[in-house]
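See below for protein21.pdb, which holds PDB, C-alpha atoms.
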ATOM      1  CA  MET A  38     130.091  37.927 125.084
ATOM      2  CA  LYS A  39     133.633  36.605 125.171
ATOM      3  CA  LYS A  40     134.506  38.512 122.007
ATOM      4  CA  THR A  41     132.998  41.741 123.300
ATOM      5  CA  ILE A  42     135.229  41.547 126.362
ATOM      6  CA  GLN A  43     138.217  40.890 124.132
ATOM      7  CA  ILE A  44     137.515  43.994 122.011
ATOM      8  CA  MET A  45     136.914  46.142 125.077
ATOM      9  CA  LEU A  46     140.221  45.031 126.564
ATOM     10  CA  ILE A  47     142.173  45.863 123.428
ATOM     11  CA  ALA A  48     140.467  49.245 123.046
ATOM     12  CA  SER A  49     141.324  50.203 126.599
ATOM     13  CA  LEU A  50     144.898  49.077 125.994
ATOM     14  CA  ILE A  51     145.153  51.385 122.978
ATOM     15  CA  ALA A  52     143.644  54.263 124.876
ATOM     16  CA  SER A  53     146.068  53.895 127.767
ATOM     17  CA  CYS A  54     149.088  53.469 125.554
ATOM     18  CA  SER A  55     148.484  56.038 122.851
ATOM     19  CA  PRO A  56     151.335  58.565 122.826
ATOM     20  CA  HIS A  57     150.926  62.269 123.317
ATOM     21  CA  ARG A  58     150.336  64.051 120.073
ATOM     22  CA  PHE A  59     152.588  66.984 119.332
ATOM     23  CA  ASP A  60     152.007  69.356 116.510
ATOM     24  CA  SER A  61     154.664  69.561 113.809
ATOM     25  CA  GLU A  62     156.473  72.461 115.477
ATOM     26  CA  PHE A  63     157.935  70.137 118.113
ATOM     27  CA  ASP A  64     158.989  67.517 115.561
ATOM     28  CA  PHE A  65     160.475  70.204 113.368
ATOM     29  CA  ALA A  66     162.391  71.705 116.291
ATOM     30  CA  ASN A  67     163.812  68.275 117.127
ATOM     31  CA  LYS A  68     164.971  67.858 113.549
ATOM     32  CA  LEU A  69     166.587  71.304 113.625
ATOM     33  CA  ALA A  70     168.478  70.431 116.799
ATOM     34  CA  GLN A  71     169.729  67.213 115.265
ATOM     35  CA  GLU A  72     170.985  69.232 112.313
ATOM     36  CA  GLY A  73     172.836  71.550 114.681
ATOM     37  CA  LEU A  74     170.423  74.483 114.334
ATOM     38  CA  TRP A  75     169.993  74.764 118.068
ATOM     39  CA  GLN A  76     168.931  78.373 118.340
ATOM     40  CA  GLU A  77     166.132  77.894 115.842
ATOM     41  CA  ALA A  78     165.109  74.702 117.633
ATOM     42  CA  TYR A  79     165.061  76.509 120.970
ATOM     43  CA  TYR A  80     162.862  79.252 119.528
ATOM     44  CA  ARG A  81     160.319  76.664 118.399
ATOM     45  CA  TRP A  82     160.420  74.643 121.638
ATOM     46  CA  GLN A  83     159.887  77.878 123.557
ATOM     47  CA  LYS A  84     156.903  78.699 121.340
ATOM     48  CA  GLU A  85     155.385  75.359 122.305
ATOM     49  CA  ILE A  86     155.782  76.171 125.989
ATOM     50  CA  ASP A  87     154.306  79.642 125.462
ATOM     51  CA  ALA A  88     151.351  77.932 123.791
ATOM     52  CA  GLY A  89     150.785  75.975 127.007
ATOM     53  CA  LYS A  90     152.121  72.665 125.731
ATOM     54  CA  ALA A  91     154.633  72.076 128.518
ATOM     55  CA  THR A  92     155.791  68.458 128.515
ATOM     56  CA  ALA A  93     158.732  66.601 129.975
ATOM     57  CA  ALA A  94     160.190  66.068 126.493
ATOM     58  CA  LEU A  95     160.064  69.793 125.756
ATOM     59  CA  PHE A  96     161.786  70.739 128.995
ATOM     60  CA  ASN A  97     164.371  67.995 128.530
ATOM     61  CA  ASN A  98     165.268  69.201 125.040
ATOM     62  CA  ILE A  99     165.424  72.826 126.138
ATOM     63  CA  ALA A 100     167.727  71.786 128.995
ATOM     64  CA  VAL A 101     170.061  70.145 126.461
ATOM     65  CA  TYR A 102     170.074  73.436 124.539
ATOM     66  CA  PHE A 103     170.947  75.359 127.722
ATOM     67  CA  GLU A 104     173.815  72.956 128.394
ATOM     68  CA  LYS A 105     175.122  73.418 124.903
ATOM     69  CA  THR A 106     175.163  77.190 125.300
ATOM     70  CA  GLY A 107     176.896  76.989 128.687
ATOM     71  CA  ALA A 108     173.840  78.084 130.699
ATOM     72  CA  PHE A 109     174.395  75.260 133.187
ATOM     73  CA  GLU A 110     172.242  76.595 136.027
ATOM     74  CA  LYS A 111     169.286  77.039 133.686
ATOM     75  CA  ALA A 112     169.925  73.535 132.333
ATOM     76  CA  LEU A 113     169.837  72.073 135.855
ATOM     77  CA  ASP A 114     166.534  73.812 136.626
ATOM     78  CA  THR A 115     165.003  72.777 133.335
ATOM     79  CA  TYR A 116     165.977  69.100 133.673
ATOM     80  CA  GLN A 117     164.431  69.174 137.139
ATOM     81  CA  ARG A 118     161.213  70.637 135.751
ATOM     82  CA  ALA A 119     161.150  67.854 133.156
ATOM     83  CA  LEU A 120     161.620  65.253 135.873
ATOM     84  CA  LYS A 121     158.780  66.743 137.900
ATOM     85  CA  LEU A 122     156.491  66.151 134.942
ATOM     86  CA  GLU A 123     157.822  62.645 134.369
ATOM     87  CA  PRO A 124     159.496  61.279 137.478
ATOM     88  CA  GLY A 125     161.617  58.224 136.762
ATOM     89  CA  ASN A 126     162.224  58.980 133.090
ATOM     90  CA  ASP A 127     165.606  57.331 132.513
ATOM     91  CA  ALA A 128     166.646  59.559 129.611
ATOM     92  CA  ILE A 129     166.023  62.798 131.516
ATOM     93  CA  GLN A 130     167.586  61.435 134.696
ATOM     94  CA  GLY A 131     170.626  60.281 132.674
ATOM     95  CA  ASN A 132     171.060  63.737 131.131
ATOM     96  CA  LEU A 133     170.770  65.381 134.542
ATOM     97  CA  ASN A 134     173.288  62.983 136.119
ATOM     98  CA  LYS A 135     175.793  63.668 133.342
ATOM     99  CA  LEU A 136     175.429  67.424 133.794
ATOM    100  CA  LYS A 137     175.861  67.141 137.568
ATOM    101  CA  ALA A 138     179.000  65.020 137.118
ATOM    102  CA  TYR A 139     180.414  67.553 134.659
ATOM    103  CA  LEU A 140     179.735  70.475 137.011
ATOM    104  CA  GLU A 141     181.353  68.612 139.891
ATOM    105  CA  ARG A 142     184.514  68.034 137.846
ATOM    106  CA  ARG A 143     184.545  71.667 136.796
ATOM    107  CA  ASN A 144     184.017  72.947 140.317
ATOM    108  CA  ASP A 145     186.769  70.666 141.659
ATOM    109  CA  LYS A 146     189.139  72.159 139.130
ATOM    110  CA  GLU A 147     188.159  75.744 139.882
ATOM    111  CA  GLY A 148     188.135  75.128 143.634
ATOM    112  CA  GLY A 149     191.643  73.700 143.408
ATOM    113  CA  GLU A 150     192.863  76.722 141.511
ATOM    114  CA  LYS A 151     191.298  79.181 143.948
ATOM    115  CA  ASN A 152     192.610  77.358 147.005
ATOM    116  CA  GLU A 153     196.131  77.385 145.743
ATOM    117  CA  LYS A 154     196.190  80.970 144.490
TER     118      LYS A 154
ATOM    119  CA  MET B1397     133.386  31.403 108.275
ATOM    120  CA  LYS B1398     134.279  34.587 106.361
ATOM    121  CA  ASN B1399     132.893  36.691 109.180
ATOM    122  CA  LYS B1400     135.029  34.821 111.726
ATOM    123  CA  MET B1401     138.152  35.378 109.659
ATOM    124  CA  LEU B1402     137.460  39.104 109.323
ATOM    125  CA  LYS B1403     137.021  39.403 113.078
ATOM    126  CA  SER B1404     140.320  37.589 113.648
ATOM    127  CA  ILE B1405     142.132  39.969 111.265
ATOM    128  CA  ALA B1406     140.565  42.969 112.980
ATOM    129  CA  LEU B1407     141.625  41.637 116.379
ATOM    130  CA  LEU B1408     145.168  41.019 115.156
ATOM    131  CA  THR B1409     145.409  44.524 113.666
ATOM    132  CA  LEU B1410     144.213  46.086 116.895
ATOM    133  CA  THR B1411     146.683  44.052 118.947
ATOM    134  CA  VAL B1412     149.619  45.032 116.710
ATOM    135  CA  GLY B1413     148.541  48.671 116.872
ATOM    136  CA  ALA B1414     148.300  48.576 120.622
ATOM    137  CA  LEU B1415     151.733  47.010 120.992
ATOM    138  CA  ALA B1416     153.270  49.525 118.581
ATOM    139  CA  SER B1417     151.900  52.461 120.542
ATOM    140  CA  CYS B1418     153.344  50.985 123.735
ATOM    141  CA  SER B1419     156.863  50.724 122.255
ATOM    142  CA  PRO B1420     159.613  52.758 123.958
ATOM    143  CA  ARG B1421     159.444  56.499 123.481
ATOM    144  CA  PRO B1422     161.508  57.596 120.475
ATOM    145  CA  GLN B1423     164.655  59.402 121.389
ATOM    146  CA  VAL B1424     167.919  60.349 119.780
ATOM    147  CA  GLN B1425     171.438  60.902 121.046
ATOM    148  CA  VAL B1426     173.062  64.207 120.154
ATOM    149  CA  GLY B1427     176.611  65.400 120.700
ATOM    150  CA  ILE B1428     177.164  68.687 122.496
ATOM    151  CA  PRO B1429     180.607  70.199 122.991
ATOM    152  CA  LEU B1430     181.349  71.242 126.567
ATOM    153  CA  PRO B1431     184.467  73.149 127.660
ATOM    154  CA  THR B1432     187.028  70.760 129.141
ATOM    155  CA  PRO B1433     187.654  71.757 132.763
ATOM    156  CA  ASP B1434     191.411  71.233 132.531
ATOM    157  CA  ALA B1435     191.929  72.882 129.137
ATOM    158  CA  LEU B1436     195.081  74.954 128.910
ATOM    159  CA  ASP B1437     194.817  78.525 127.703
ATOM    160  CA  PHE B1438     198.381  79.317 126.664
ATOM    161  CA  SER B1439     197.509  82.915 125.812
ATOM    162  CA  THR B1440     197.128  83.715 129.525
ATOM    163  CA  TYR B1441     200.837  83.109 130.218
ATOM    164  CA  LYS B1442     203.588  85.612 129.502
ATOM    165  CA  SER B1443     206.083  82.882 128.546
ATOM    166  CA  VAL B1444     206.094  79.141 128.098
ATOM    167  CA  PHE B1445     209.303  77.327 129.045
ATOM    168  CA  LEU B1446     210.501  73.784 128.489
ATOM    169  CA  ALA B1447     212.515  72.100 131.241
ATOM    170  CA  ASP B1448     214.434  68.861 130.773
ATOM    171  CA  PHE B1449     212.418  65.700 131.184
ATOM    172  CA  THR B1450     213.450  62.937 133.571
ATOM    173  CA  ILE B1451     214.481  60.144 131.263
ATOM    174  CA  ASP B1452     214.552  56.410 131.789
ATOM    175  CA  SER B1453     215.203  54.936 128.369
ATOM    176  CA  ALA B1454     216.316  51.506 127.297
ATOM    177  CA  ALA B1455     216.821  52.834 123.755
ATOM    178  CA  THR B1456     220.462  53.608 124.423
ATOM    179  CA  SER B1457     221.402  54.488 120.857
ATOM    180  CA  VAL B1458     218.734  57.186 120.508
ATOM    181  CA  PRO B1459     219.340  60.793 121.679
ATOM    182  CA  VAL B1460     216.112  60.999 123.674
ATOM    183  CA  GLN B1461     216.403  64.527 125.081
ATOM    184  CA  ASP B1462     217.060  65.915 121.584
ATOM    185  CA  ASN B1463     214.006  64.132 120.212
ATOM    186  CA  LEU B1464     211.860  65.551 122.995
ATOM    187  CA  LYS B1465     213.193  69.045 122.327
ATOM    188  CA  ASP B1466     212.279  68.654 118.657
ATOM    189  CA  LEU B1467     208.792  67.584 119.683
ATOM    190  CA  PHE B1468     208.156  70.594 121.922
ATOM    191  CA  PHE B1469     210.152  73.304 120.124
ATOM    192  CA  GLU B1470     208.666  72.395 116.756
ATOM    193  CA  GLU B1471     205.431  70.397 116.814
ATOM    194  CA  VAL B1472     203.896  71.509 120.116
ATOM    195  CA  GLN B1473     205.026  75.103 119.602
ATOM    196  CA  THR B1474     203.276  75.221 116.218
ATOM    197  CA  ALA B1475     200.165  73.548 117.580
ATOM    198  CA  ILE B1476     199.692  75.938 120.500
ATOM    199  CA  GLY B1477     200.709  79.021 118.538
ATOM    200  CA  ARG B1478     203.137  80.191 121.240
ATOM    201  CA  ASP B1479     206.919  80.235 121.395
ATOM    202  CA  ILE B1480     208.333  77.661 123.756
ATOM    203  CA  LEU B1481     211.624  78.765 125.297
ATOM    204  CA  PRO B1482     214.306  76.612 126.863
ATOM    205  CA  LEU B1483     214.786  77.130 130.593
ATOM    206  CA  PRO B1484     217.896  79.262 131.174
ATOM    207  CA  GLY B1485     220.947  77.009 131.514
ATOM    208  CA  ASN B1486     221.454  77.657 135.214
ATOM    209  CA  VAL B1487     217.834  76.869 136.136
ATOM    210  CA  LYS B1488     217.172  73.266 137.141
ATOM    211  CA  MET B1489     213.989  71.729 138.431
ATOM    212  CA  THR B1490     214.087  69.717 141.625
ATOM    213  CA  GLN B1491     213.066  66.075 141.842
ATOM    214  CA  GLN B1492     209.622  67.223 143.045
ATOM    215  CA  ASP B1493     209.112  69.343 139.927
ATOM    216  CA  GLN B1494     209.801  72.560 141.795
ATOM    217  CA  LEU B1495     211.479  75.619 140.318
ATOM    218  CA  PRO B1496     214.063  77.874 141.969
ATOM    219  CA  GLU B1497     212.458  80.887 143.643
ATOM    220  CA  GLU B1498     214.751  83.261 141.794
ATOM    221  CA  PHE B1499     213.325  82.052 138.492
ATOM    222  CA  THR B1500     209.653  82.064 139.532
ATOM    223  CA  LYS B1501     209.985  85.623 140.871
ATOM    224  CA  LYS B1502     211.484  86.746 137.594
ATOM    225  CA  HIS B1503     208.774  84.986 135.533
ATOM    226  CA  PRO B1504     205.665  85.032 137.732
ATOM    227  CA  GLU B1505     203.068  84.617 134.965
ATOM    228  CA  SER B1506     204.704  81.771 133.048
ATOM    229  CA  LEU B1507     204.149  78.114 132.403
ATOM    230  CA  VAL B1508     206.862  75.444 132.534
ATOM    231  CA  ILE B1509     206.549  72.165 130.682
ATOM    232  CA  THR B1510     208.343  69.193 132.159
ATOM    233  CA  GLY B1511     207.757  65.542 132.900
ATOM    234  CA  LYS B1512     209.022  62.017 132.670
ATOM    235  CA  PHE B1513     209.810  59.889 129.655
ATOM    236  CA  VAL B1514     210.201  56.139 129.860
ATOM    237  CA  VAL B1515     211.149  53.651 127.163
ATOM    238  CA  ASP B1516     211.064  49.992 128.110
ATOM    239  CA  ILE B1517     212.283  47.239 125.804
ATOM    240  CA  LYS B1518     211.729  43.542 126.379
ATOM    241  CA  THR B1519     213.452  40.973 124.192
ATOM    242  CA  GLN B1520     211.854  37.689 123.241
ATOM    243  CA  SER B1521     213.036  34.711 121.185
ATOM    244  CA  ILE B1522     210.676  33.331 118.575
ATOM    245  CA  VAL B1523     210.764  30.641 115.919
ATOM    246  CA  LYS B1524     210.080  31.974 112.444
ATOM    247  CA  ASP B1525     210.203  30.793 108.841
ATOM    248  CA  GLN B1526     212.938  32.106 106.583
ATOM    249  CA  LYS B1527     213.610  31.592 102.888
ATOM    250  CA  GLY B1528     216.237  28.949 102.142
ATOM    251  CA  GLY B1529     216.904  25.216 102.456
ATOM    252  CA  LYS B1530     215.780  22.407 100.156
ATOM    253  CA  ARG B1531     212.060  23.072 100.635
ATOM    254  CA  GLY B1532     212.360  26.832 100.114
ATOM    255  CA  LYS B1533     212.016  27.756 103.774
ATOM    256  CA  VAL B1534     213.752  26.957 107.018
ATOM    257  CA  ARG B1535     212.770  27.519 110.617
ATOM    258  CA  VAL B1536     215.134  29.711 112.548
ATOM    259  CA  LEU B1537     215.346  31.178 116.033
ATOM    260  CA  ALA B1538     215.022  34.967 115.942
ATOM    261  CA  LYS B1539     214.855  37.772 118.437
ATOM    262  CA  ILE B1540     212.113  40.400 118.562
ATOM    263  CA  GLU B1541     211.601  43.331 120.855
ATOM    264  CA  MET B1542     208.514  44.659 122.578
ATOM    265  CA  TRP B1543     208.697  48.400 123.117
ATOM    266  CA  THR B1544     206.656  50.466 125.540
ATOM    267  CA  MET B1545     206.953  54.244 125.551
ATOM    268  CA  THR B1546     205.361  56.499 128.169
ATOM    269  CA  LEU B1547     205.384  60.286 128.161
ATOM    270  CA  ASP B1548     204.148  62.046 131.301
ATOM    271  CA  THR B1549     203.891  65.760 130.671
ATOM    272  CA  SER B1550     203.219  68.350 133.377
ATOM    273  CA  PHE B1551     202.396  72.012 132.913
ATOM    274  CA  ILE B1552     203.477  73.976 135.973
ATOM    275  CA  GLU B1553     202.484  77.565 136.722
ATOM    276  CA  THR B1554     205.379  79.633 138.020
ATOM    277  CA  LYS B1555     203.029  81.854 140.015
ATOM    278  CA  THR B1556     201.666  79.083 142.221
ATOM    279  CA  GLY B1557     204.058  76.209 141.590
ATOM    280  CA  ARG B1558     200.933  74.158 140.942
ATOM    281  CA  LYS B1559     200.517  71.617 138.160
ATOM    282  CA  ARG B1560     197.904  73.271 135.946
ATOM    283  CA  ALA B1561     197.514  70.071 133.931
ATOM    284  CA  SER B1562     199.294  66.767 133.508
ATOM    285  CA  TYR B1563     198.788  64.190 130.828
ATOM    286  CA  SER B1564     200.167  60.709 130.443
ATOM    287  CA  PHE B1565     200.295  58.888 127.135
ATOM    288  CA  SER B1566     201.632  55.459 126.436
ATOM    289  CA  ASP B1567     202.002  53.268 123.371
ATOM    290  CA  LYS B1568     203.360  49.835 122.508
ATOM    291  CA  LEU B1569     205.136  48.258 119.598
ATOM    292  CA  ASN B1570     205.234  44.471 119.447
ATOM    293  CA  ASP B1571     207.406  42.477 117.012
ATOM    294  CA  ALA B1572     209.916  45.329 116.780
ATOM    295  CA  ASP B1573     213.125  44.669 114.872
ATOM    296  CA  PRO B1574     216.093  44.974 117.281
ATOM    297  CA  GLU B1575     218.225  46.267 114.414
ATOM    298  CA  LYS B1576     215.995  49.304 113.913
ATOM    299  CA  GLN B1577     216.081  51.143 117.248
ATOM    300  CA  ASP B1578     215.835  54.560 115.652
ATOM    301  CA  TYR B1579     212.795  53.586 113.581
ATOM    302  CA  ASN B1580     211.046  51.928 116.544
ATOM    303  CA  PHE B1581     211.662  54.955 118.727
ATOM    304  CA  LYS B1582     210.432  57.466 116.174
ATOM    305  CA  TYR B1583     207.373  55.375 115.332
ATOM    306  CA  LEU B1584     206.258  55.328 118.961
ATOM    307  CA  LEU B1585     207.159  58.962 119.615
ATOM    308  CA  ASP B1586     205.084  60.005 116.597
ATOM    309  CA  GLU B1587     202.089  58.110 117.931
ATOM    310  CA  ILE B1588     202.444  59.669 121.379
ATOM    311  CA  SER B1589     203.113  63.165 119.999
ATOM    312  CA  GLU B1590     199.877  63.058 118.073
ATOM    313  CA  LYS B1591     197.924  62.164 121.212
ATOM    314  CA  LEU B1592     199.681  64.831 123.283
ATOM    315  CA  ILE B1593     199.075  67.584 120.737
ATOM    316  CA  LYS B1594     195.432  66.609 120.373
ATOM    317  CA  ARG B1595     194.988  66.763 124.133
ATOM    318  CA  VAL B1596     196.913  69.988 124.679
ATOM    319  CA  THR B1597     194.987  71.855 122.001
ATOM    320  CA  ARG B1598     191.599  70.484 122.961
ATOM    321  CA  THR B1599     189.389  73.082 124.603
ATOM    322  CA  HIS B1600     186.065  71.289 124.227
ATOM    323  CA  ALA B1601     185.032  67.661 124.493
ATOM    324  CA  MET B1602     182.002  66.146 122.822
ATOM    325  CA  THR B1603     179.493  64.717 125.270
ATOM    326  CA  LYS B1604     176.293  62.842 124.553
ATOM    327  CA  ARG B1605     172.811  63.859 125.621
ATOM    328  CA  ILE B1606     169.387  62.461 124.781
ATOM    329  CA  LEU B1607     166.683  64.419 122.995
ATOM    330  CA  LEU B1608     163.154  63.093 123.448
ATOM    331  CA  LEU B1609     161.216  63.040 120.205
ATOM    332  CA  LYS B1610     157.747  62.336 121.640
TER     333      LYS B1610
END
Take the structure I supplied and represent it as C-alpha cells, if you would.
Amino acid sequence: MKKTIQIMLIASLIASCSPHRFDSEFDFANKLAQEGLWQEAYYRWQKEIDAGKATAALFNNIAVYFEKTGAFEKALDTYQRALKLEPGNDAIQGNLNKLKAYLERRNDKEGGEKNEK
Amino acid sequence: MKNKMLKSIALLTLTVGALASCSPRPQVQVGIPLPTPDALDFSTYKSVFLADFTIDSAATSVPVQDNLKDLFFEEVQTAIGRDILPLPGNVKMTQQDQLPEEFTKKHPESLVITGKFVVDIKTQSIVKDQKGGKRGKVRVLAKIEMWTMTLDTSFIETKTGRKRASYSFSDKLNDADPEKQDYNFKYLLDEISEKLIKRVTRTHAMTKRILLLK
C-alpha cells in the first residue's frame, strides 16, 4: 500500500513537470537564430504560430527578432503577448524591461533634439 | 531480495527523471545590435570644425594643444571619413562652449568639436632595489609619478548651439618615470584616443536578450 502511494506520487510529479513538446521546427529555428540566421528563424517560428502552436517561448523569440530588425513597437506587443501566456516569466519580463529602457533613452534623446530645434 | 532491489532502482530512476524534467527551462543569451541613441552621423553636417580645447596640464614640457590637433586632424579625421577644419583664427568659443553668432550664421549646418583636457601628475617617493654595493643590490629612495589624463570631448551643432554628444574618457599610469614625460603623455593619449575613436564611430551597441529554447 505504502509503495503504491509512493509510485502514484512520483508519476503525478512527472506528469505535472513534463515540459511542453515542440516539434523540431522550433528547435531548428532557435539554432538558426543563435547562428545569426534570424530571418530564416523568424520564418520557422511564424510557421509554428500559423500551425496553432502559439507559446510564450515562440512569442518571446519572435519579439527578440523584431527588436533586432528595429520593429520596436511590434517587439513590445509580442513580448506582452508572451507574458500573457506566461505571466511572471523572468526571462520574458527581463527582455521587455530592457526594450522599454532602451526606448526611453532613445525617446529622451529625440525629445531633446526636437525641443531645442 | 532481488525484487526489492529492482523496485528501489525503478523508484530512483523515476525520481531522477522527475527532477530532471522540473529543471529550469533551457534558455540562451543572444547578442543583438541596437542603434545607439547618441550616435553621431557626421555625413549630415556640411563641415566639421575643431576648436581649441581648454587645457589644464601638469605635463609642462609637452605641447598639449599640438598633440590634440594631431589626434583630431589625423586619427579622428580618418576614422570618421570627414575633413576636420580648424576654426577660423578670429573665432573663439566662450567659456560656456558658445560660438559667436557671426560664425554660426555663416555655418548653420556644421558641427564643432571642443572640450577640456586635463593632465594631473602626483609624485611619490618609494624605496627600491638597485644594482650595486657589496651584495649586488642596494636600496635607494626614488621618485615615481602617477599620471591621470582626462579628455572631455563635446560635439556642438552650430544650428542649435546644442551639445549633440559629449564623451569623457580617462586613463591612469602608475609608476611613471619622471624623466620620460613625453613617453608618459603619449602612452596615455594613445589609450584615450583609441577609446574616443571607438565611441565616435560606434553606431550600434550589442545588447543581450534571452531566447527560450523550450
- line: As a check of understanding: the span from atom CA of Pro1422 of chain B to atom CA of Gly89 of chain A is 22.3 Å
- request: Fewer than 3 positions away in the same chain doesn't count, so skip those; otherwise give me all residues within 9 Å of segment 131-140 of chain A, counting all atoms listed in the file, as a list in words.
  value: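 Everything that qualifies: Asn97, Ala100, Val101, Glu104, Phe109, Ala112, Leu113, Tyr116, Gln117, Asn126, Asp127, Ala128, Arg143, Asn144 and Asp145 of chain A; Leu1430, Pro1433, Thr1603, Lys1604, Arg1605 and Ile1606 of chain B.
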task: With a distance cut-off of 9 Å and all atoms listed in the file, select the neighbouring residues of Lys1524 of chain B, excluding the residue or stretch itself and same-chain residues fewer than 6 positions from it, and output the selection as a VMD selection string.
output: chain B and resid 1534 to 1538
- request: Counting all atoms listed in the file, write as an MDAnalysis selection string all protein and nucleic acid residues lying at most 10 Å from (214.3, 80.0, 125.6) in the file's frame.
  value: chainID B and resid 1443:1447 1469 1479:1485
message: Report, in Å to a single decimal, how far apart atom CA of Lys68 of chain A and atom CA of Asp114 of chain A are.
response: 23.9 Å
task: Name the residues, using the chain letters and numbers of the file, that sit within 8 Å of (210.7, 57.7, 131.3) when counting all atoms listed in the file, and give them as a list in words.
output: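 Result, sorted by chain then residue number: Thr1450, Ile1451, Asp1452, Ser1453, Lys1512, Phe1513, Val1514, Val1515, Met1545, Thr1546, Leu1547 and Asp1548 of chain B.
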query: Could you spell out the hits of the PyMOL selection byres ((chain B and resi 1486-1500) around 9) on the shown file, as a list in words?
result: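 Applied to this file, the PyMOL selection byres ((chain B and resi 1486-1500) around 9) selects Ala1447, Asp1448, Thr1450, Leu1483, Pro1484, Gly1485, Lys1501, Lys1502, His1503, Pro1504, Glu1505, Ser1506, Thr1510, Gly1511, Ser1550, Ile1552, Glu1553, Thr1554, Lys1555, Thr1556 and Gly1557 of chain B.
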Just write the chosen residues, C-alpha atoms, as a tab-separated table (two decimals), in the coordinates of the input.
chain	number	residue	atom	x	y	z
B	1447	ALA	CA	212.52	72.10	131.24
B	1448	ASP	CA	214.43	68.86	130.77
B	1450	THR	CA	213.45	62.94	133.57
B	1483	LEU	CA	214.79	77.13	130.59
B	1484	PRO	CA	217.90	79.26	131.17
B	1485	GLY	CA	220.95	77.01	131.51
B	1501	LYS	CA	209.98	85.62	140.87
B	1502	LYS	CA	211.48	86.75	137.59
B	1503	HIS	CA	208.77	84.99	135.53
B	1504	PRO	CA	205.66	85.03	137.73
B	1505	GLU	CA	203.07	84.62	134.96
B	1506	SER	CA	204.70	81.77	133.05
B	1510	THR	CA	208.34	69.19	132.16
B	1511	GLY	CA	207.76	65.54	132.90
B	1550	SER	CA	203.22	68.35	133.38
B	1552	ILE	CA	203.48	73.98	135.97
B	1553	GLU	CA	202.48	77.56	136.72
B	1554	THR	CA	205.38	79.63	138.02
B	1555	LYS	CA	203.03	81.85	140.01
B	1556	THR	CA	201.67	79.08	142.22
B	1557	GLY	CA	204.06	76.21	141.59
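Using all atoms listed in the file, the nearest neighbour of Lys1582 of chain B within the list B:Thr1519, B:Ser1562, B:Asn1463, B:Thr1474 is B:Asn1463.
When atom CA of Asn98 of chain A is paired with atom CA of Glu110 of chain A, their separation reads 15.0 Å.
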task: I would like the residues chosen by the PyMOL selection byres ((chain B and resi 1587-1589) around 10) on the shown file; could you give them as an MDAnalysis selection string?
output: chainID B and resid 1464 1467:1468 1471:1472 1545:1547 1564:1568 1582:1586 1590:1595
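Between Lys1576 of chain B and the residues B:Phe1551, B:Thr1597, B:Glu1541, B:Ala1475, the shortest atom-to-atom distance, using only C-alpha atoms, involves B:Glu1541.
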field: Minimum-distance residue to chain A, chosen among B:Arg1558, B:His1600, B:Arg1478, B:Lys1400 (using only C-alpha atoms)
entry: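 For chain A, the nearest of the candidates is B:Arg1558.
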Residue rebuild result segment 1593-1606 of chain B, N, CA and C atoms as a PDB file, in the coordinates of the input:
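Below is the file result.pdb, written as the result:
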ATOM      1  N   ILE B1593     199.473  66.329 121.396  1.00  0.00           N
ATOM      2  CA  ILE B1593     199.075  67.584 120.737  1.00  0.00           C
ATOM      3  C   ILE B1593     197.548  67.701 120.680  1.00  0.00           C
ATOM      4  N   LYS B1594     196.901  66.589 120.393  1.00  0.00           N
ATOM      5  CA  LYS B1594     195.432  66.609 120.373  1.00  0.00           C
ATOM      6  C   LYS B1594     194.893  67.044 121.731  1.00  0.00           C
ATOM      7  N   ARG B1595     195.484  66.484 122.779  1.00  0.00           N
ATOM      8  CA  ARG B1595     194.988  66.763 124.133  1.00  0.00           C
ATOM      9  C   ARG B1595     195.281  68.203 124.555  1.00  0.00           C
ATOM     10  N   VAL B1596     196.489  68.654 124.248  1.00  0.00           N
ATOM     11  CA  VAL B1596     196.913  69.988 124.679  1.00  0.00           C
ATOM     12  C   VAL B1596     196.110  71.089 123.980  1.00  0.00           C
ATOM     13  N   THR B1597     195.706  70.823 122.754  1.00  0.00           N
ATOM     14  CA  THR B1597     194.987  71.855 122.001  1.00  0.00           C
ATOM     15  C   THR B1597     193.468  71.721 122.129  1.00  0.00           C
ATOM     16  N   ARG B1598     193.045  70.707 122.851  1.00  0.00           N
ATOM     17  CA  ARG B1598     191.599  70.484 122.961  1.00  0.00           C
ATOM     18  C   ARG B1598     191.001  71.403 124.025  1.00  0.00           C
ATOM     19  N   THR B1599     190.034  72.198 123.635  1.00  0.00           N
ATOM     20  CA  THR B1599     189.389  73.082 124.603  1.00  0.00           C
ATOM     21  C   THR B1599     187.980  72.582 124.932  1.00  0.00           C
ATOM     22  N   HIS B1600     187.412  71.807 124.015  1.00  0.00           N
ATOM     23  CA  HIS B1600     186.065  71.289 124.227  1.00  0.00           C
ATOM     24  C   HIS B1600     186.045  69.778 124.001  1.00  0.00           C
ATOM     25  N   ALA B1601     185.187  69.106 124.712  1.00  0.00           N
ATOM     26  CA  ALA B1601     185.032  67.661 124.493  1.00  0.00           C
ATOM     27  C   ALA B1601     183.570  67.378 124.169  1.00  0.00           C
ATOM     28  N   MET B1602     183.369  66.481 123.229  1.00  0.00           N
ATOM     29  CA  MET B1602     182.002  66.146 122.822  1.00  0.00           C
ATOM     30  C   MET B1602     181.373  65.221 123.861  1.00  0.00           C
ATOM     31  N   THR B1603     180.202  65.585 124.328  1.00  0.00           N
ATOM     32  CA  THR B1603     179.493  64.717 125.270  1.00  0.00           C
ATOM     33  C   THR B1603     178.108  64.405 124.684  1.00  0.00           C
ATOM     34  N   LYS B1604     177.567  63.289 125.119  1.00  0.00           N
ATOM     35  CA  LYS B1604     176.293  62.842 124.553  1.00  0.00           C
ATOM     36  C   LYS B1604     175.124  63.174 125.481  1.00  0.00           C
ATOM     37  N   ARG B1605     174.058  63.632 124.876  1.00  0.00           N
ATOM     38  CA  ARG B1605     172.811  63.859 125.621  1.00  0.00           C
ATOM     39  C   ARG B1605     171.654  63.292 124.800  1.00  0.00           C
ATOM     40  N   ILE B1606     170.533  63.061 125.486  1.00  0.00           N
ATOM     41  CA  ILE B1606     169.387  62.461 124.781  1.00  0.00           C
ATOM     42  C   ILE B1606     168.301  63.513 124.559  1.00  0.00           C
TER      43      ILE B1606
END
